[in-house]
Amino acid sequence: FMSTHENTVQTIYQILHAMPEIGFQEFKTAAYLAEELKAAGFSVKTGFGGTGIVGSYDSGQPGPVIMLRADMDALAHTVHGEEKCIHSCGHDAHSAMVLTAGKVLKETGIPCGQLKLLFQPAEEKLTGALNTIADGALEGVDMVFGIHLRPEQEARINQATPALYHGASYIAEAKIEGLTAHGARPHLGVNAIDAAAAVVQAVNGIRINPVVPCTVKTTKFQAGGATLNAIPDLAELAFDLRAQRNDVMDELIGKLTRAVESAAAGFGAKGTVTIKGGVPAAEYSEEMIAVAREAIQSVLGPTGLLDPIVTPGGEDFHFFVKKYPAIKAGYIGLGCDLKPGLHHPAMSYNLDALPKGVKILVEVVNRALRKYAG
């Protein structure tokens, strides 16, 4: 394994790293991955969510369908005044590891069932997973695994977690509608700024059980206009909401909505809340976490196995389970001495982690399918 496929994953990584493309524009990336899959003997379907690809390999033996998912998109950065597209979140590494693991499993064979590889567009836009779901990429899948590089604060080289628990993350927008009037006669109007200021204070007063990490922050406040001697009749706010569990996020959205509506009403204004999008929190199968734990331990040894990691970051991978509750999901966080951090244009990490990630994914597939093959 190590001699051949260590070189394979590094080569694929270098090729992908050199052609970063932003979400829904991963045309060269998708074309390259599709060709590699076909050359490896996978049956390939394209166009999922735009640029997404699914490669399938059937063992010929009855059994479940297991999917490995990798994201493909890079990020846009402004570096020294110049717009650049950079793979600053490791999606090139994820695609390289999943493709290489697929090649290994195709060569060695799987115990039963089917292996599918999903290369998903636009994770950074948090809509790529939904678009691939809408195009049927997850139809018939029984188990799905993701993998993501971790910053050095969470995991070092030769370490991995069997469960990376992302939080739910949503953006809400609020409109506060008052009534305009002359500045000399404020009693005839309803000042949207006064109402919106009360809304911010009411939102800051939201309380949720502190056992579960969650936050809501005002991230936009726009009001008033060119006429400075008139009572403003409109204010627009935005809020960033985070929660480690989906039920807590539901509670947070409910309390935010009530806070906006009631605080605005106290001033005679009308407050309305619109959820503009986001991602659900991680929900994993204990069975898949156990499989990942065994796989990591077999590759990295007992010292390489970390406890589950909780992160407030979001991931659109978790729409898979939200849309298909019967799917058993797992998600591995791979240590690689990554610094200074994800989404930093100068992000770098130890590429020796990639072959280890490949071996873990190969172990995950074989162990998960063996449990079903008996």
# chains A, B, ... in the order shown; residues from 1 in each chain; ligands from 1

$ select_by_dssp --residues "region 230-265 of chain A" --states "alpha helix (DSSP H)" --output "PyMOL selection string"
chain A and resi 246-265

$ write_last_selection --atoms "C-alpha atoms" --output "PDB file, in the first residue's frame"
ATOM      1  CA  ASN A 246     -30.408  21.038  16.307  1.00  0.00           C
ATOM      2  CA  ASP A 247     -33.106  21.137  19.004  1.00  0.00           C
ATOM      3  CA  VAL A 248     -31.268  23.999  20.719  1.00  0.00           C
ATOM      4  CA  MET A 249     -30.998  25.853  17.400  1.00  0.00           C
ATOM      5  CA  ASP A 250     -34.794  25.484  16.997  1.00  0.00           C
ATOM      6  CA  GLU A 251     -35.240  26.966  20.476  1.00  0.00           C
ATOM      7  CA  LEU A 252     -32.810  29.800  19.675  1.00  0.00           C
ATOM      8  CA  ILE A 253     -34.638  30.694  16.433  1.00  0.00           C
ATOM      9  CA  GLY A 254     -37.976  30.687  18.296  1.00  0.00           C
ATOM     10  CA  LYS A 255     -36.687  32.984  21.039  1.00  0.00           C
ATOM     11  CA  LEU A 256     -34.992  35.293  18.509  1.00  0.00           C
ATOM     12  CA  THR A 257     -38.259  35.630  16.587  1.00  0.00           C
ATOM     13  CA  ARG A 258     -40.239  36.432  19.732  1.00  0.00           C
ATOM     14  CA  ALA A 259     -37.588  38.921  20.938  1.00  0.00           C
ATOM     15  CA  VAL A 260     -37.641  40.813  17.627  1.00  0.00           C
ATOM     16  CA  GLU A 261     -41.422  40.894  17.352  1.00  0.00           C
ATOM     17  CA  SER A 262     -42.131  41.857  20.968  1.00  0.00           C
ATOM     18  CA  ALA A 263     -39.342  44.445  21.371  1.00  0.00           C
ATOM     19  CA  ALA A 264     -40.389  46.167  18.153  1.00  0.00           C
ATOM     20  CA  ALA A 265     -44.056  46.052  19.181  1.00  0.00           C
TER      21      ALA A 265
END

$ closest_atom_pairs --of "region 93-159 of chain A" --to "region 305-323 of chain A" --cutoff "6 Å" --atoms "only C-alpha atoms" --output "JSON lines"
{"residue": "A:Leu126", "atom": "CA", "partner": "A:Asp316", "partner_atom": "CA", "distance": 5.2}
{"residue": "A:Ala129", "atom": "CA", "partner": "A:Asp316", "partner_atom": "CA", "distance": 5.8}
{"residue": "A:Gln159", "atom": "CA", "partner": "A:Leu305", "partner_atom": "CA", "distance": 6.0}

$ residues_around --residues "Asp194 (chain A)" --least-positions-apart "2" --cutoff "12 Å" --atoms "only C-alpha atoms" --output "PyMOL selection string"
chain A and resi 176-179+186+189-192+196-201+221+223-224+231-235+263-269

$ closest_residue --among "A:Ala74, A:Met67, A:Ala282, A:Leu99" --to "Lys38 (chain A)" --atoms "only C-alpha atoms"
A:Leu99

$ residues_around --residues "Asn229 (chain A)" --least-positions-apart "5" --cutoff "12 Å" --atoms "only C-alpha atoms" --output "list in words"
Thr180, Ala181, His182, Gly183, Ala184, Arg185, Pro186 and Gly224 of chain A

$ write_last_selection --atoms "C-alpha atoms" --output "PDB file, in the first residue's frame"
ATOM      1  CA  THR A 180     -41.884  58.255   9.184  1.00  0.00           C
ATOM      2  CA  ALA A 181     -42.585  61.758  10.478  1.00  0.00           C
ATOM      3  CA  HIS A 182     -41.017  65.216  10.634  1.00  0.00           C
ATOM      4  CA  GLY A 183     -38.212  65.542  13.182  1.00  0.00           C
ATOM      5  CA  ALA A 184     -40.131  68.430  14.771  1.00  0.00           C
ATOM      6  CA  ARG A 185     -43.152  66.170  15.340  1.00  0.00           C
ATOM      7  CA  PRO A 186     -41.694  62.785  16.444  1.00  0.00           C
ATOM      8  CA  GLY A 224     -31.872  56.026   8.545  1.00  0.00           C
TER       9      GLY A 224
END

$ atom_distance --atom1 "CA of Thr161 (chain A)" --atom2 "CA of Ala329 (chain A)"
14.4 Å

$ closest_residue --among "A:His5, A:Lys28, A:Arg150, A:Arg242" --to "Ser88 (chain A)" --atoms "only C-alpha atoms"
A:Arg150

$ residues_around --residues "Ile86 (chain A)" --least-positions-apart "5" --cutoff "10 Å" --atoms "only C-alpha atoms" --output "PyMOL selection string"
chain A and resi 17-22+73-78+343-347

$ write_last_selection --atoms "C-alpha atoms" --output "PDB file, in the first residue's frame"
ATOM      1  CA  HIS A  17      -4.017  22.057  -5.332  1.00  0.00           C
ATOM      2  CA  ALA A  18      -2.787  23.699  -8.524  1.00  0.00           C
ATOM      3  CA  MET A  19      -6.314  24.245  -9.944  1.00  0.00           C
ATOM      4  CA  PRO A  20      -8.433  25.796  -7.160  1.00  0.00           C
ATOM      5  CA  GLU A  21     -11.981  26.727  -8.195  1.00  0.00           C
ATOM      6  CA  ILE A  22     -14.768  28.349  -6.193  1.00  0.00           C
ATOM      7  CA  ASP A  73     -14.325  23.829  -3.815  1.00  0.00           C
ATOM      8  CA  ALA A  74     -11.685  26.396  -2.889  1.00  0.00           C
ATOM      9  CA  LEU A  75     -12.058  29.903  -1.421  1.00  0.00           C
ATOM     10  CA  ALA A  76     -11.674  33.406  -2.847  1.00  0.00           C
ATOM     11  CA  HIS A  77      -9.105  35.574  -1.030  1.00  0.00           C
ATOM     12  CA  THR A  78      -7.723  39.062  -1.478  1.00  0.00           C
ATOM     13  CA  HIS A 343      -9.556  29.641   5.666  1.00  0.00           C
ATOM     14  CA  HIS A 344      -6.234  31.482   6.068  1.00  0.00           C
ATOM     15  CA  PRO A 345      -4.659  32.151   2.634  1.00  0.00           C
ATOM     16  CA  ALA A 346      -1.262  31.000   3.940  1.00  0.00           C
ATOM     17  CA  MET A 347      -2.608  27.777   5.464  1.00  0.00           C
TER      18      MET A 347
END

$ select_by_dssp --residues "region 139-272 of chain A" --states "strand (DSSP E)" --output "ChimeraX atom specification"
/A:143-151,160-161,164-166,168-177,181-182,214-223,230-231,234-243,270-272

$ closest_residue --among "A:Gly225, A:Gly52, A:Gly304, A:Pro325" --to "Ala134 (chain A)" --atoms "only C-alpha atoms"
A:Gly52

$ closest_residue --among "A:Ser56, A:Gln120, A:Thr100, A:Gln297" --to "Arg69 (chain A)" --atoms "only C-alpha atoms"
A:Gln120

$ closest_residue --among "A:Leu361, A:Met143, A:Leu68, A:Leu351" --to "Tyr13 (chain A)" --atoms "only C-alpha atoms"
A:Leu351

$ residues_around --residues "Phe24 (chain A)" --least-positions-apart "5" --cutoff "7 Å" --atoms "only C-alpha atoms" --output "list in words"
Gly50, Thr51, Pro121 and Ala122 of chain A

$ atom_distance --atom1 "CA of Glu139 (chain A)" --atom2 "CA of Gly277 (chain A)"
23.7 Å

$ closest_residue --among "A:Tyr170, A:Tyr372, A:Phe48, A:Tyr349" --to "Leu118 (chain A)" --atoms "only C-alpha atoms"
A:Phe48
